[in-house]
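Visitor: The structure's right below; bear with me while I get my questions together.
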Amino acid sequence: MSIKITVPELGESVVEATVGEWHKQEGETVSVGDVLVELETDKVDLEVSAETAGVLARILHQQGADVQIGDVLAEIEPDGAAADGKADKADGEGTAVATPPTPARQPTATPVAQRVAAAEGVDVSKVEGSGTQGRVTRQDVEKHLQKQPPTPSPMPSSVHPAPSVSQSGNGRPEERIRMSRRRRTIAQRLVEAQHTAAMLTTFNEVDMSAVIEVRQRRGPAFLKRHGVKLGFMSFFVKAAVGALKVFPQLNAEIDGDEIILKKYYDIGMAVGAEEGLVVPVIRDADRLSFAAIEQAVRNFSTKARDGSLTLEDLRGGTFTITNGGVFGSLLSTPILNPPQVGILGLHRIDERPIAQNGEVVIHPMMYLALSYDHRIVDGREAVQFLVRLKELIEEPETLLLEG
């Protein structure tokens, strides 16, 4: 009797997935634990493994198909060798003929890394992985390609390979790329955020001199003691929590005709990943030390880079911080992450002239942007939220005194 391989539970609020790459094909022998196929969701990519040994007898949903929880992806014949005619057979004296040993499993690679490797003709097993547990990332494949000597073309110089792009109706080159499940969901959610919320953005600027001085003075000892660098993000997480406690409307959500004020502070950190933006959540940020926050930020950045974020990492969140400054952004208007009603945008730090005590001085300045849902947050609260956050950043000792 065949064993059905179904779409597993995908996590909170996730009910649909897209079939990614099949690692096994029909007729192939599988062992318990072998990865059969990858599923792309709007939050993370999941691997579906074989729970029984045998032969993959039938694939019901090919790559690119949309599936829901409980849908049958494939069927495995437990007596798989018999199913494909490769069963161990006893010889005339009753001695079993052994099948060849199962080859060593290839190192796990992220879906993007696999696509890049396939397009470039790279054997993933020869790529050194830098991700969690040696997982191969897109950057690993690109580094591997850079180390390889150029391959001479076997064709005469007068012959040119056909272009990899298609031709549009007017004969000009263009390329069509299918959106991933995550990219489609990101697009849908961003449009929904603008259609369902009365979104508005207010701005301020903050003098980063005090935080930079603290980092320079305390950074080496902090790194030695905690094994992680003292970055800017822990200051902004702490300052955001402090401002949210004063203006709780920004740590809320709308449910019908009711406002739900959250009495906990789960701060989402927008991170650019290979497949698109993800927002892992630092839970109970108000209870964490600077070191614990920095460790969480580092772990999330690593997991986003190698594609190992879990659904639990991305679940919930009451307020989000996004840092466009790491990409060089001077100013932006961040889009809300529903059902949250507030998102703080950070930007690059620039040396700028400012007036201080009647004199023009040069200080490291950063623009701040707060986008908010005007349905429950008034302009006064939004402006005062940024002012309070600015005060906490410019006098970081207050973050310690106020907990």
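Chain lettering (A, B, ...) mirrors the order of the structure tokens, residue numbering begins at 1 for each chain separately, and ligand numbering begins at 1 in order of display.
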Need the shell around Met269 of chain A: protein/DNA/RNA residues with any atom at most 8 Å away, counting only C-alpha atoms. Skip same-chain ones fewer than 4 positions apart. Format as a list in words?
Guide: Val279, Pro280, Val281, Ile282, Val297, Thr320, Ile321 and Thr322 of chain A
Visitor: Next, write the just-selected residues to a file, as a PDB file, in the first residue's frame, keeping C-alpha atoms as the atom set.
Guide:
```pdb
ATOM      1  CA  VAL A 279      10.522  40.391   9.614  1.00  0.00           C
ATOM      2  CA  PRO A 280      11.816  38.185  12.442  1.00  0.00           C
ATOM      3  CA  VAL A 281      10.594  39.208  15.882  1.00  0.00           C
ATOM      4  CA  ILE A 282      12.523  40.013  19.059  1.00  0.00           C
ATOM      5  CA  VAL A 297      19.810  40.718  15.759  1.00  0.00           C
ATOM      6  CA  THR A 320       8.528  47.066  13.440  1.00  0.00           C
ATOM      7  CA  ILE A 321      11.885  48.761  12.857  1.00  0.00           C
ATOM      8  CA  THR A 322      13.402  48.879   9.372  1.00  0.00           C
TER       9      THR A 322
END
```
Visitor: Residues within 10 Å of Phe203 of chain A, please, as a PyMOL selection string. Count only C-alpha atoms; anything in the same chain fewer than 6 positions from it doesn't count.
Guide: chain A and resi 331-333+344-345+367-371+382-383+386-387
Visitor: Which residue, A:Ala252, A:Ala210, A:Ile293, A:Ala304, has the smallest gap to Gly317 of chain A when you use only C-alpha atoms?
Guide: A:Ala252
Visitor: From segment 157-286 of chain A, collect each residue whose DSSP state is strand (DSSP E or B) and return the set as a PyMOL selection string.
Guide: chain A and resi 166-167+173-174+199-207+252-255+258-261+267-273+276-278+281-282
Visitor: Which of these residues is nearest to Gln148 of chain A, using only C-alpha atoms: A:Lys126, A:Arg135, A:Arg315, A:Arg375?
Guide: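 Counting only C-alpha atoms, the residue closest to Gln148 of chain A is A:Lys126.
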Visitor: If I take atom CA of Glu21 of chain A and atom CA of Gln146 of chain A, how far is one from the other in Å, to one decimal?
Guide: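 These two atoms are separated by 25.4 Å.
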Visitor: With only C-alpha atoms as the atoms that count, which of A:Gly171, A:Lys4, A:His226, A:Val271 lies nearest to Phe290 of chain A?
Guide: A:His226
Visitor: If we count only C-alpha atoms and set the cut-off at 6 Å, which residues sit around Gly325 of chain A, ignoring sequence neighbours fewer than 3 positions away in its own chain? Please answer as an MDAnalysis selection string.
Guide: chainID A and resid 328:329 347:348
Visitor: Please, could you write that set of residues out with C-alpha atoms as a PDB file, in the first residue's frame?
Guide:
```pdb
ATOM      1  CA  GLY A 328      22.655  53.985   2.030  1.00  0.00           C
ATOM      2  CA  SER A 329      19.130  55.402   2.265  1.00  0.00           C
ATOM      3  CA  HIS A 347      18.537  55.859   7.768  1.00  0.00           C
ATOM      4  CA  ARG A 348      22.225  56.440   7.174  1.00  0.00           C
TER       5      ARG A 348
END
```
Visitor: Go ahead and compute the interatomic distance for atom CA of Arg283 of chain A and atom CA of Asp266 of chain A, in Å to one decimal.
Guide: 4.3 Å
Visitor: Could you name the residues that touch Val206 of chain A at 12 Å or less, counting only C-alpha atoms, but leaving out those on the same chain fewer than 2 positions away, as a PDB file with C-alpha atoms, in the first residue's frame?
Guide:
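Here's the written file out28.pdb:
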```pdb
ATOM      1  CA  PHE A 203       9.850  62.754  10.269  1.00  0.00           C
ATOM      2  CA  ASN A 204      12.479  63.965  12.687  1.00  0.00           C
ATOM      3  CA  MET A 208      23.929  60.228  17.075  1.00  0.00           C
ATOM      4  CA  SER A 209      26.970  61.716  18.859  1.00  0.00           C
ATOM      5  CA  ALA A 210      26.161  60.317  22.306  1.00  0.00           C
ATOM      6  CA  VAL A 211      25.441  56.776  21.073  1.00  0.00           C
ATOM      7  CA  PHE A 236      16.870  51.930  18.911  1.00  0.00           C
ATOM      8  CA  LEU A 346      16.139  54.361  10.288  1.00  0.00           C
ATOM      9  CA  HIS A 347      18.537  55.859   7.768  1.00  0.00           C
ATOM     10  CA  ARG A 348      22.225  56.440   7.174  1.00  0.00           C
ATOM     11  CA  ILE A 349      24.270  58.598   9.505  1.00  0.00           C
ATOM     12  CA  ASP A 350      25.713  61.716   7.847  1.00  0.00           C
ATOM     13  CA  GLU A 351      27.988  64.430   9.175  1.00  0.00           C
ATOM     14  CA  ARG A 352      25.841  67.571   8.842  1.00  0.00           C
ATOM     15  CA  ILE A 354      23.600  72.029  12.807  1.00  0.00           C
ATOM     16  CA  HIS A 363      27.472  66.359  14.123  1.00  0.00           C
ATOM     17  CA  PRO A 364      26.573  62.831  12.961  1.00  0.00           C
ATOM     18  CA  MET A 365      22.858  63.068  12.184  1.00  0.00           C
ATOM     19  CA  MET A 366      20.218  60.530  11.180  1.00  0.00           C
ATOM     20  CA  TYR A 367      16.748  61.120   9.767  1.00  0.00           C
ATOM     21  CA  LEU A 368      13.938  59.131  11.415  1.00  0.00           C
ATOM     22  CA  ALA A 369      10.625  58.271   9.776  1.00  0.00           C
ATOM     23  CA  LEU A 386       9.485  60.490  17.582  1.00  0.00           C
ATOM     24  CA  VAL A 387      10.433  63.351  19.916  1.00  0.00           C
ATOM     25  CA  ARG A 388      10.560  60.954  22.875  1.00  0.00           C
ATOM     26  CA  LEU A 389      12.619  58.446  20.888  1.00  0.00           C
ATOM     27  CA  LYS A 390      14.983  61.250  19.840  1.00  0.00           C
ATOM     28  CA  GLU A 391      15.440  62.258  23.501  1.00  0.00           C
ATOM     29  CA  LEU A 392      16.286  58.694  24.521  1.00  0.00           C
ATOM     30  CA  ILE A 393      18.833  58.251  21.720  1.00  0.00           C
ATOM     31  CA  GLU A 394      20.508  61.605  22.365  1.00  0.00           C
ATOM     32  CA  GLU A 395      20.766  60.801  26.085  1.00  0.00           C
TER      33      GLU A 395
END
```
Visitor: If we count only C-alpha atoms and set the cut-off at 8 Å, which residues sit around Ile186 of chain A, ignoring sequence neighbours fewer than 4 positions away in its own chain? Please answer as a compact mmCIF listing (two decimals) with N, CA and C atoms, in the first residue's frame.
Guide:
```txt
# COMPACT_ATOMS: atom_id res chain seq x y z
N ASP A 42 4.85 32.21 2.21
CA ASP A 42 5.08 33.65 2.21
C ASP A 42 6.08 34.06 3.29
N ARG A 182 6.94 33.95 -1.80
CA ARG A 182 7.17 35.03 -0.84
C ARG A 182 7.05 36.38 -1.51
N LEU A 190 1.81 44.52 0.75
CA LEU A 190 2.15 45.93 0.67
C LEU A 190 1.00 46.73 0.05
N GLY A 276 13.39 37.84 -0.51
CA GLY A 276 12.57 39.02 -0.25
C GLY A 276 12.60 39.40 1.22
N LEU A 277 11.91 40.46 1.55
CA LEU A 277 11.91 40.99 2.91
C LEU A 277 11.25 40.04 3.89
```
Visitor: So what do you get for atom CA of Asp71 of chain A versus atom CA of Gly316 of chain A, distance-wise?
Guide: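 Straight-line distance from atom CA of Asp71 of chain A to atom CA of Gly316 of chain A works out to 26.1 Å.
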